[in-house]
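Chemist: Got work-v5.cif for you, mmCIF, C-alpha atoms (C1' of nucleotides):
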```cif
data_protein
loop_
_atom_site.label_atom_id
_atom_site.label_comp_id
_atom_site.auth_asym_id
_atom_site.auth_seq_id
_atom_site.Cartn_x
_atom_site.Cartn_y
_atom_site.Cartn_z
CA MET L 12 -33.01 -29.77 -109.26
CA LYS L 13 -36.72 -29.11 -109.38
CA LYS L 14 -37.84 -25.57 -109.89
CA ALA L 15 -39.13 -23.82 -106.77
CA THR L 16 -42.43 -22.28 -107.75
CA PRO L 17 -43.62 -19.65 -105.32
CA CYS L 18 -46.40 -20.85 -103.08
CA ILE L 19 -49.84 -19.30 -103.34
CA ARG L 20 -51.58 -20.35 -100.18
CA ARG L 21 -55.30 -20.03 -100.22
CA GLY L 22 -57.77 -21.89 -98.07
CA LYS L 23 -56.75 -24.79 -95.91
CA LEU L 24 -54.33 -27.43 -96.99
CA LYS L 25 -55.82 -30.85 -97.55
CA VAL L 26 -55.10 -33.49 -94.97
CA GLU L 27 -53.15 -35.50 -97.54
CA SER L 28 -51.04 -32.49 -98.37
CA LEU L 29 -50.30 -31.90 -94.72
CA GLU L 30 -49.36 -35.52 -94.37
CA ARG L 31 -46.94 -35.37 -97.24
CA ALA L 32 -45.44 -32.18 -95.88
CA ALA L 33 -45.07 -33.76 -92.45
CA GLU L 34 -43.39 -36.79 -93.94
CA THR L 35 -40.84 -34.65 -95.71
CA LEU L 36 -40.18 -32.62 -92.59
CA LYS L 37 -39.85 -35.76 -90.52
CA LEU L 38 -37.05 -36.98 -92.72
CA LEU L 39 -35.24 -33.69 -92.37
CA ALA L 40 -35.74 -33.79 -88.62
CA HIS L 41 -32.70 -35.83 -87.79
CA PRO L 42 -29.26 -34.44 -86.92
CA GLN L 43 -27.37 -37.01 -88.95
CA ARG L 44 -29.52 -36.45 -92.02
CA LEU L 45 -29.12 -32.69 -91.65
CA ARG L 46 -25.36 -33.20 -91.57
CA LEU L 47 -25.50 -35.24 -94.76
CA ILE L 48 -27.52 -32.51 -96.44
CA GLU L 49 -25.05 -29.91 -95.27
CA ILE L 50 -22.22 -31.80 -96.91
CA LEU L 51 -24.22 -32.43 -100.07
CA GLU L 52 -24.98 -28.74 -100.27
CA ARG L 53 -21.28 -27.97 -100.33
CA ASP L 54 -20.01 -30.78 -102.51
CA LYS L 55 -23.00 -31.35 -104.81
CA GLU L 56 -22.28 -34.95 -105.88
CA VAL L 57 -20.86 -37.18 -103.22
CA PRO L 58 -20.28 -40.95 -103.02
CA VAL L 59 -21.41 -42.82 -99.93
CA HIS L 60 -17.93 -43.70 -98.72
CA THR L 61 -17.00 -40.02 -98.65
CA LEU L 62 -20.04 -39.22 -96.56
CA VAL L 63 -19.11 -42.07 -94.22
CA ALA L 64 -15.57 -40.74 -93.90
CA GLU L 65 -16.66 -37.14 -93.39
CA THR L 66 -19.32 -37.87 -90.82
CA GLY L 67 -17.86 -40.85 -89.02
CA PHE L 68 -21.28 -42.51 -89.04
CA PRO L 69 -21.42 -46.27 -89.74
CA GLN L 70 -21.81 -47.15 -93.41
CA ALA L 71 -25.15 -48.88 -92.92
CA VAL L 72 -26.52 -45.85 -91.14
CA VAL L 73 -25.44 -43.48 -93.89
CA SER L 74 -26.87 -45.73 -96.54
CA GLN L 75 -30.17 -45.97 -94.71
CA HIS L 76 -30.44 -42.22 -94.27
CA LEU L 77 -29.64 -41.59 -97.91
CA ASN L 78 -32.22 -44.07 -99.05
CA GLN L 79 -34.90 -42.54 -96.89
CA LEU L 80 -34.14 -39.11 -98.22
CA ARG L 81 -34.22 -40.43 -101.74
CA ARG L 82 -37.52 -42.22 -101.22
CA VAL L 83 -39.32 -38.96 -100.55
CA GLY L 84 -37.53 -37.25 -103.40
CA LEU L 85 -35.19 -34.98 -101.48
CA LEU L 86 -32.11 -36.68 -102.91
CA SER L 87 -31.30 -38.48 -106.12
CA ALA L 88 -28.55 -40.95 -106.83
CA LYS L 89 -26.62 -42.19 -109.82
CA ARG L 90 -23.99 -44.83 -110.17
CA ARG L 91 -20.39 -44.14 -111.17
CA GLY L 92 -18.55 -47.42 -111.28
CA LYS L 93 -18.70 -48.96 -107.85
CA GLU L 94 -19.82 -45.72 -106.27
CA MET L 95 -23.24 -44.21 -105.83
CA LEU L 96 -23.24 -40.45 -106.14
CA TYR L 97 -25.89 -38.66 -104.13
CA THR L 98 -27.22 -35.21 -104.91
CA ILE L 99 -29.82 -32.91 -103.48
CA CYS L 100 -32.67 -32.77 -105.98
CA ASP L 101 -35.34 -30.95 -103.98
CA PRO L 102 -34.52 -27.34 -103.19
CA ARG L 103 -36.70 -27.55 -100.09
CA ALA L 104 -33.98 -29.60 -98.43
CA LEU L 105 -31.69 -26.59 -98.65
CA SER L 106 -34.21 -23.90 -97.93
CA ILE L 107 -35.46 -25.67 -94.85
CA LEU L 108 -31.93 -26.07 -93.59
CA ASN L 109 -31.37 -22.37 -94.21
CA CYS L 110 -34.67 -21.51 -92.65
CA ILE L 111 -34.00 -23.50 -89.52
CA CYS L 112 -30.66 -21.71 -89.28
CA THR L 113 -32.28 -18.33 -89.32
CA HIS L 114 -31.42 -18.02 -85.67
CA CYS L 115 -27.98 -19.55 -85.90
CA SER L 116 -25.11 -17.47 -84.59
CA GLU L 117 -21.35 -17.74 -84.83
CA GLY L 118 -21.40 -20.06 -81.87
CA ASP L 119 -23.38 -22.64 -83.77
CA PHE L 120 -20.54 -23.35 -86.16
CA GLU L 121 -17.32 -25.24 -85.80
CA HIS L 122 -14.24 -23.26 -86.62
CA GLU L 123 -11.32 -25.22 -87.86
CA MET W 10 -42.32 -12.39 -82.71
CA LYS W 11 -38.57 -12.80 -82.79
CA LYS W 12 -36.68 -11.05 -85.55
CA ALA W 13 -35.47 -13.28 -88.34
CA THR W 14 -31.83 -12.47 -88.81
CA PRO W 15 -30.44 -13.70 -92.09
CA CYS W 16 -28.30 -16.77 -91.72
CA ILE W 17 -24.62 -16.61 -92.52
CA ARG W 18 -23.55 -20.20 -92.85
CA ARG W 19 -19.85 -20.82 -92.62
CA GLY W 20 -18.15 -24.03 -91.70
CA LYS W 21 -20.03 -27.00 -90.34
CA LEU W 22 -22.82 -26.72 -87.84
CA LYS W 23 -22.02 -28.10 -84.42
CA VAL W 24 -23.64 -31.36 -83.47
CA GLU W 25 -25.62 -29.60 -80.75
CA SER W 26 -26.91 -27.05 -83.22
CA LEU W 27 -27.98 -29.80 -85.59
CA GLU W 28 -29.72 -31.53 -82.73
CA ARG W 29 -31.65 -28.43 -81.79
CA ALA W 30 -32.59 -27.86 -85.42
CA ALA W 31 -33.74 -31.45 -85.73
CA GLU W 32 -35.82 -31.14 -82.61
CA THR W 33 -37.60 -28.08 -83.94
CA LEU W 34 -38.22 -29.75 -87.29
CA LYS W 35 -39.50 -32.87 -85.59
CA LEU W 36 -42.18 -30.87 -83.85
CA LEU W 37 -43.26 -29.32 -87.11
CA ALA W 38 -43.27 -32.71 -88.77
CA HIS W 39 -46.78 -33.69 -87.81
CA PRO W 40 -49.90 -33.10 -89.89
CA GLN W 41 -52.03 -32.04 -86.93
CA ARG W 42 -49.43 -29.61 -85.66
CA LEU W 43 -49.04 -28.18 -89.15
CA ARG W 44 -52.79 -27.64 -89.24
CA LEU W 45 -52.69 -25.82 -85.93
CA ILE W 46 -49.92 -23.58 -87.22
CA GLU W 47 -51.88 -22.91 -90.38
CA ILE W 48 -54.83 -21.70 -88.32
CA LEU W 49 -52.63 -19.67 -86.00
CA GLU W 50 -51.04 -18.02 -89.01
CA ARG W 51 -54.44 -16.81 -90.15
CA ASP W 52 -56.02 -15.90 -86.83
CA LYS W 53 -52.95 -14.80 -84.84
CA GLU W 54 -54.30 -15.32 -81.30
CA VAL W 55 -56.52 -18.32 -80.81
CA PRO W 56 -57.93 -20.05 -77.73
CA VAL W 57 -57.63 -23.81 -77.42
CA HIS W 58 -61.34 -24.52 -77.69
CA THR W 59 -61.48 -22.71 -81.02
CA LEU W 60 -58.62 -24.83 -82.32
CA VAL W 61 -60.44 -27.92 -81.10
CA ALA W 62 -63.63 -26.83 -82.89
CA GLU W 63 -61.85 -25.89 -86.13
CA THR W 64 -59.77 -29.02 -86.37
CA GLY W 65 -62.06 -31.60 -84.84
CA PHE W 66 -59.12 -33.07 -82.92
CA PRO W 67 -59.74 -34.14 -79.30
CA GLN W 68 -59.07 -31.44 -76.73
CA ALA W 69 -56.28 -33.38 -75.03
CA VAL W 70 -54.51 -33.89 -78.35
CA VAL W 71 -54.67 -30.21 -79.23
CA SER W 72 -53.44 -29.23 -75.80
CA GLN W 73 -50.53 -31.64 -76.01
CA HIS W 74 -49.52 -30.42 -79.46
CA LEU W 75 -49.67 -26.81 -78.37
CA ASN W 76 -47.56 -27.50 -75.33
CA GLN W 77 -44.93 -29.28 -77.34
CA LEU W 78 -44.75 -26.41 -79.77
CA ARG W 79 -44.50 -23.98 -76.92
CA ARG W 80 -41.77 -25.95 -75.18
CA VAL W 81 -39.39 -25.45 -78.09
CA GLY W 82 -40.39 -21.83 -78.43
CA LEU W 83 -42.39 -21.96 -81.63
CA LEU W 84 -45.57 -20.81 -79.90
CA SER W 85 -46.33 -18.67 -76.90
CA ALA W 86 -49.46 -18.53 -74.79
CA LYS W 87 -51.20 -16.08 -72.55
CA ARG W 88 -54.27 -16.40 -70.46
CA ARG W 89 -57.48 -14.45 -71.03
CA GLY W 90 -59.99 -15.41 -68.40
CA LYS W 91 -60.64 -19.10 -68.72
CA GLU W 92 -59.02 -19.25 -72.10
CA MET W 93 -55.44 -19.71 -73.15
CA LEU W 94 -54.57 -17.77 -76.26
CA TYR W 95 -51.86 -19.28 -78.41
CA THR W 96 -49.72 -17.35 -80.87
CA ILE W 97 -46.87 -18.14 -83.20
CA CYS W 98 -43.78 -16.53 -81.76
CA ASP W 99 -41.04 -18.03 -83.91
CA PRO W 100 -41.14 -16.94 -87.55
CA ARG W 101 -39.48 -20.18 -88.54
CA ALA W 102 -42.77 -21.95 -87.93
CA LEU W 103 -44.28 -19.93 -90.74
CA SER W 104 -41.37 -19.90 -93.09
CA ILE W 105 -40.95 -23.64 -92.86
CA LEU W 106 -44.64 -24.12 -93.59
CA ASN W 107 -44.28 -21.82 -96.57
CA CYS W 108 -41.12 -23.51 -97.64
CA ILE W 109 -42.61 -26.97 -97.48
CA CYS W 110 -45.48 -25.65 -99.60
CA THR W 111 -43.13 -24.48 -102.30
CA HIS W 112 -44.37 -27.32 -104.40
CA CYS W 113 -48.00 -27.05 -103.45
CA SER W 114 -50.48 -26.63 -106.25
CA GLU W 115 -54.15 -25.74 -106.42
CA GLY W 116 -55.00 -29.36 -105.81
CA ASP W 117 -53.39 -29.29 -102.40
CA PHE W 118 -55.99 -26.90 -101.03
CA GLU W 119 -59.56 -27.35 -100.00
CA HIS W 120 -61.99 -25.09 -101.73
CA GLU W 121 -65.06 -24.24 -99.83
"C1'" DT G 19 -68.80 -22.51 -51.63
"C1'" DT G 20 -70.11 -24.90 -55.42
"C1'" DA G 21 -70.69 -25.66 -60.28
"C1'" DA G 22 -69.30 -25.19 -64.95
"C1'" DA G 23 -66.02 -24.14 -68.61
"C1'" DA G 24 -61.43 -24.29 -70.40
"C1'" DA G 25 -57.17 -26.30 -70.47
"C1'" DA G 26 -53.43 -29.32 -68.81
"C1'" DT G 27 -51.67 -33.62 -67.20
"C1'" DA G 28 -51.04 -38.72 -66.34
"C1'" DC G 29 -50.84 -43.06 -67.89
"C1'" DA G 30 -51.04 -47.15 -70.79
"C1'" DA G 31 -51.44 -49.29 -75.39
"C1'" DA G 32 -50.32 -49.14 -80.04
"C1'" DT G 33 -47.26 -47.70 -83.43
"C1'" DA G 34 -43.19 -45.87 -85.40
"C1'" DT G 35 -38.07 -44.90 -85.44
"C1'" DG G 36 -33.41 -45.52 -84.73
"C1'" DT G 37 -29.36 -48.58 -84.16
"C1'" DC G 38 -26.34 -52.25 -84.72
"C1'" DA G 39 -24.30 -56.38 -86.62
"C1'" DA G 40 -24.32 -59.39 -90.05
"C1'" DT G 41 -25.08 -60.42 -94.57
"C1'" DA G 42 -26.22 -59.82 -99.41
"C1'" DC G 43 -25.64 -57.48 -103.73
"C1'" DA G 44 -23.18 -54.93 -107.57
"C1'" DT G 45 -19.27 -53.61 -110.05
"C1'" DA G 46 -14.56 -53.54 -111.61
"C1'" DA G 47 -10.18 -55.39 -111.84
"C1'" DA G 48 -6.98 -59.26 -111.63
"C1'" DT J 13 -13.89 -66.91 -111.96
"C1'" DT J 14 -12.13 -64.96 -108.00
"C1'" DT J 15 -11.31 -61.08 -105.21
"C1'" DA J 16 -11.80 -56.53 -103.46
"C1'" DT J 17 -14.39 -52.46 -102.95
"C1'" DG J 18 -18.53 -49.88 -102.40
"C1'" DT J 19 -23.54 -50.07 -101.19
"C1'" DA J 20 -27.85 -51.93 -99.78
"C1'" DT J 21 -30.74 -54.85 -97.04
"C1'" DT J 22 -32.24 -57.58 -93.22
"C1'" DG J 23 -33.61 -58.81 -88.61
"C1'" DA J 24 -33.37 -58.10 -83.68
"C1'" DC J 25 -33.66 -54.98 -80.30
"C1'" DA J 26 -34.18 -50.57 -77.76
"C1'" DT J 27 -36.25 -46.24 -77.64
"C1'" DA J 28 -39.51 -42.60 -78.87
"C1'" DT J 29 -43.97 -40.89 -80.50
"C1'" DT J 30 -48.79 -40.94 -80.93
"C1'" DT J 31 -53.40 -41.61 -79.26
"C1'" DG J 32 -57.15 -42.34 -76.13
"C1'" DT J 33 -59.26 -42.23 -71.66
"C1'" DA J 34 -59.58 -40.46 -67.45
"C1'" DT J 35 -58.38 -37.18 -64.14
"C1'" DT J 36 -56.79 -32.68 -62.38
"C1'" DT J 37 -56.02 -27.82 -62.33
"C1'" DT J 38 -57.42 -23.05 -63.14
"C1'" DT J 39 -60.60 -19.62 -63.54
"C1'" DT J 40 -65.15 -17.42 -63.66
"C1'" DA J 41 -69.76 -17.01 -62.37
"C1'" DA J 42 -73.74 -18.50 -59.74
#
```
Starting from the coordinates I provided, produce the structure as structure tokens.
Modeler:
Amino acid sequence: MKKATPCIRRGKLKVESLERAAETLKLLAHPQRLRLIEILERDKEVPVHTLVAETGFPQAVVSQHLNQLRRVGLLSAKRRGKEMLYTICDPRALSILNCICTHCSEGDFEHE
Amino acid sequence: MKKATPCIRRGKLKVESLERAAETLKLLAHPQRLRLIEILERDKEVPVHTLVAETGFPQAVVSQHLNQLRRVGLLSAKRRGKEMLYTICDPRALSILNCICTHCSEGDFEHE
DNA sequence: TTAAAAAATACAAATATGTCAATACATAAA
DNA sequence: TTTATGTATTGACATATTTGTATTTTTTAA
């Protein structure tokens, strides 16, 4: 996982920087992808078929989401036999999920 | 500005909670809206025409962005004469911008 | 009242995203 | 090799977002 250097914000962000930031946020802005990240946060290294089983989403959908998240560097993947193990490799994925949950209450969670 | 209560995450987030989170993130996931938030962070209460002048975006575009951000509760607005003053009212808007900038370097900023 | 300034809205065109089914690819085991 | 399992990719389609132009509303001041 990349190191999270504290941000020193001075001046205005360049348009290109804003665009990259927006692209990253856009990929996080999807309920199914947030669910995948939630699971990956808990289980660290997870093969696709497990994510399919846990979420109930179609395999193609899960695979597409994972690839998108990997493309922008939020996730990484490595092969283990037939499986592909996905991992969160950008701490922003987690901190944004936490941040967005700042206003979550008990009622936002499922209790088993 | 709402108080940011720390998030205690237990169990899985409900689908509806994920959907609300995704909706909020989606609105932040736009370079122009991020720029507006950046300016609002600095200047606190800003009328639309100032945002138009600072960004160079068309008035209708700025107005639409501001309304979208207000609809999900990230911004609030109050009238002062002919002007509408916009303010950030959800701290998540700021913390997500900060969070996304975790990996920003000097080169991401414009130096005047 | 009328005119001007500030902001919001409506609508259509262009673009981007999401979804689904089918298919292709990769690996391991028989 | 053949087969089975696990993933990735493709193409068609529906839906959503973005953007631009024009118009409308709201408010103040003449």
Chemist: When you count all atoms listed in the file, which of these residues is closest to chain G: L:Leu108, L:Leu29, L:Ala71, L:Leu96?
Modeler: L:Ala71
Chemist: What is the distance, in Å and to one decimal place, between atom CA of Gly82 of chain W and atom CA of Thr33 of chain W?
Modeler: 8.8 Å
Chemist: Can you spell out as a PyMOL selection string the set of residues that the PyMOL selection byres ((chain W) within 7 of (chain L)) selects in the structure I just provided?
Modeler: chain W and resi 13-16+19-23+26-28+30-32+34-35+38-40+43+101+104-105+107-113+117-120
Chemist: As a list in words, could you give me every residue of chain L near chain G (at most 10 Å apart, counting only C-alpha atoms (C1' of nucleotides))?
Modeler: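 That gives Pro69, Ala71, Val72, Arg90, Arg91, Gly92, Lys93 and Glu94 of chain L for chain L.
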Chemist: Using the selection just defined, write its residues with C-alpha atoms as a tab-separated table (two decimals), in the frame of the given file.
Modeler:
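Output file result38.tsv follows:
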```tsv
chain	number	residue	atom	x	y	z
L	69	PRO	CA	-21.42	-46.27	-89.74
L	71	ALA	CA	-25.15	-48.88	-92.92
L	72	VAL	CA	-26.52	-45.85	-91.14
L	90	ARG	CA	-23.99	-44.83	-110.17
L	91	ARG	CA	-20.39	-44.14	-111.17
L	92	GLY	CA	-18.55	-47.42	-111.28
L	93	LYS	CA	-18.70	-48.96	-107.85
L	94	GLU	CA	-19.82	-45.72	-106.27
```
Chemist: Could you tell me how far atom C1' of DT29 of chain J sits from atom CA of Leu45 of chain W, in Å to one decimal place?
Modeler: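 Value for the atom CA of Leu45 of chain W-atom C1' of DT29 of chain J distance: 18.2 Å.
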Chemist: Which protein, DNA or RNA residues are at most 9 Å from (-55.5, -26.9, -76.1) in the file's coordinates when you count all atoms listed in the file, listed as a PyMOL selection string?
Modeler: (chain W and resi 56-61+67-76+93+95) or (chain G and resi 24-26)
Chemist: Name the residues captured by the PyMOL selection byres ((chain J) within 9 of (chain L)) when it is applied to the shown file; answer as a list in words.
Modeler: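 Applied to this file, the PyMOL selection byres ((chain J) within 9 of (chain L)) selects DT17, DG18, DT19 and DA20 of chain J.
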Chemist: Rounded to one decimal in Å, what is the spacing between atom CA of Lys53 of chain W and atom CA of Leu83 of chain W?
Modeler: 13.2 Å
Chemist: Edge lengths and centre, in Å to one decimal, as JSON: that's what I need for the box along x, y and z that holds all listed atoms of segment 102-105 of chain W plus 5 Å on each side.
Modeler:
```
{"center_x": -42.6, "center_y": -21.8, "center_z": -90.5, "size_x": 13.3, "size_y": 13.7, "size_z": 15.2}
```
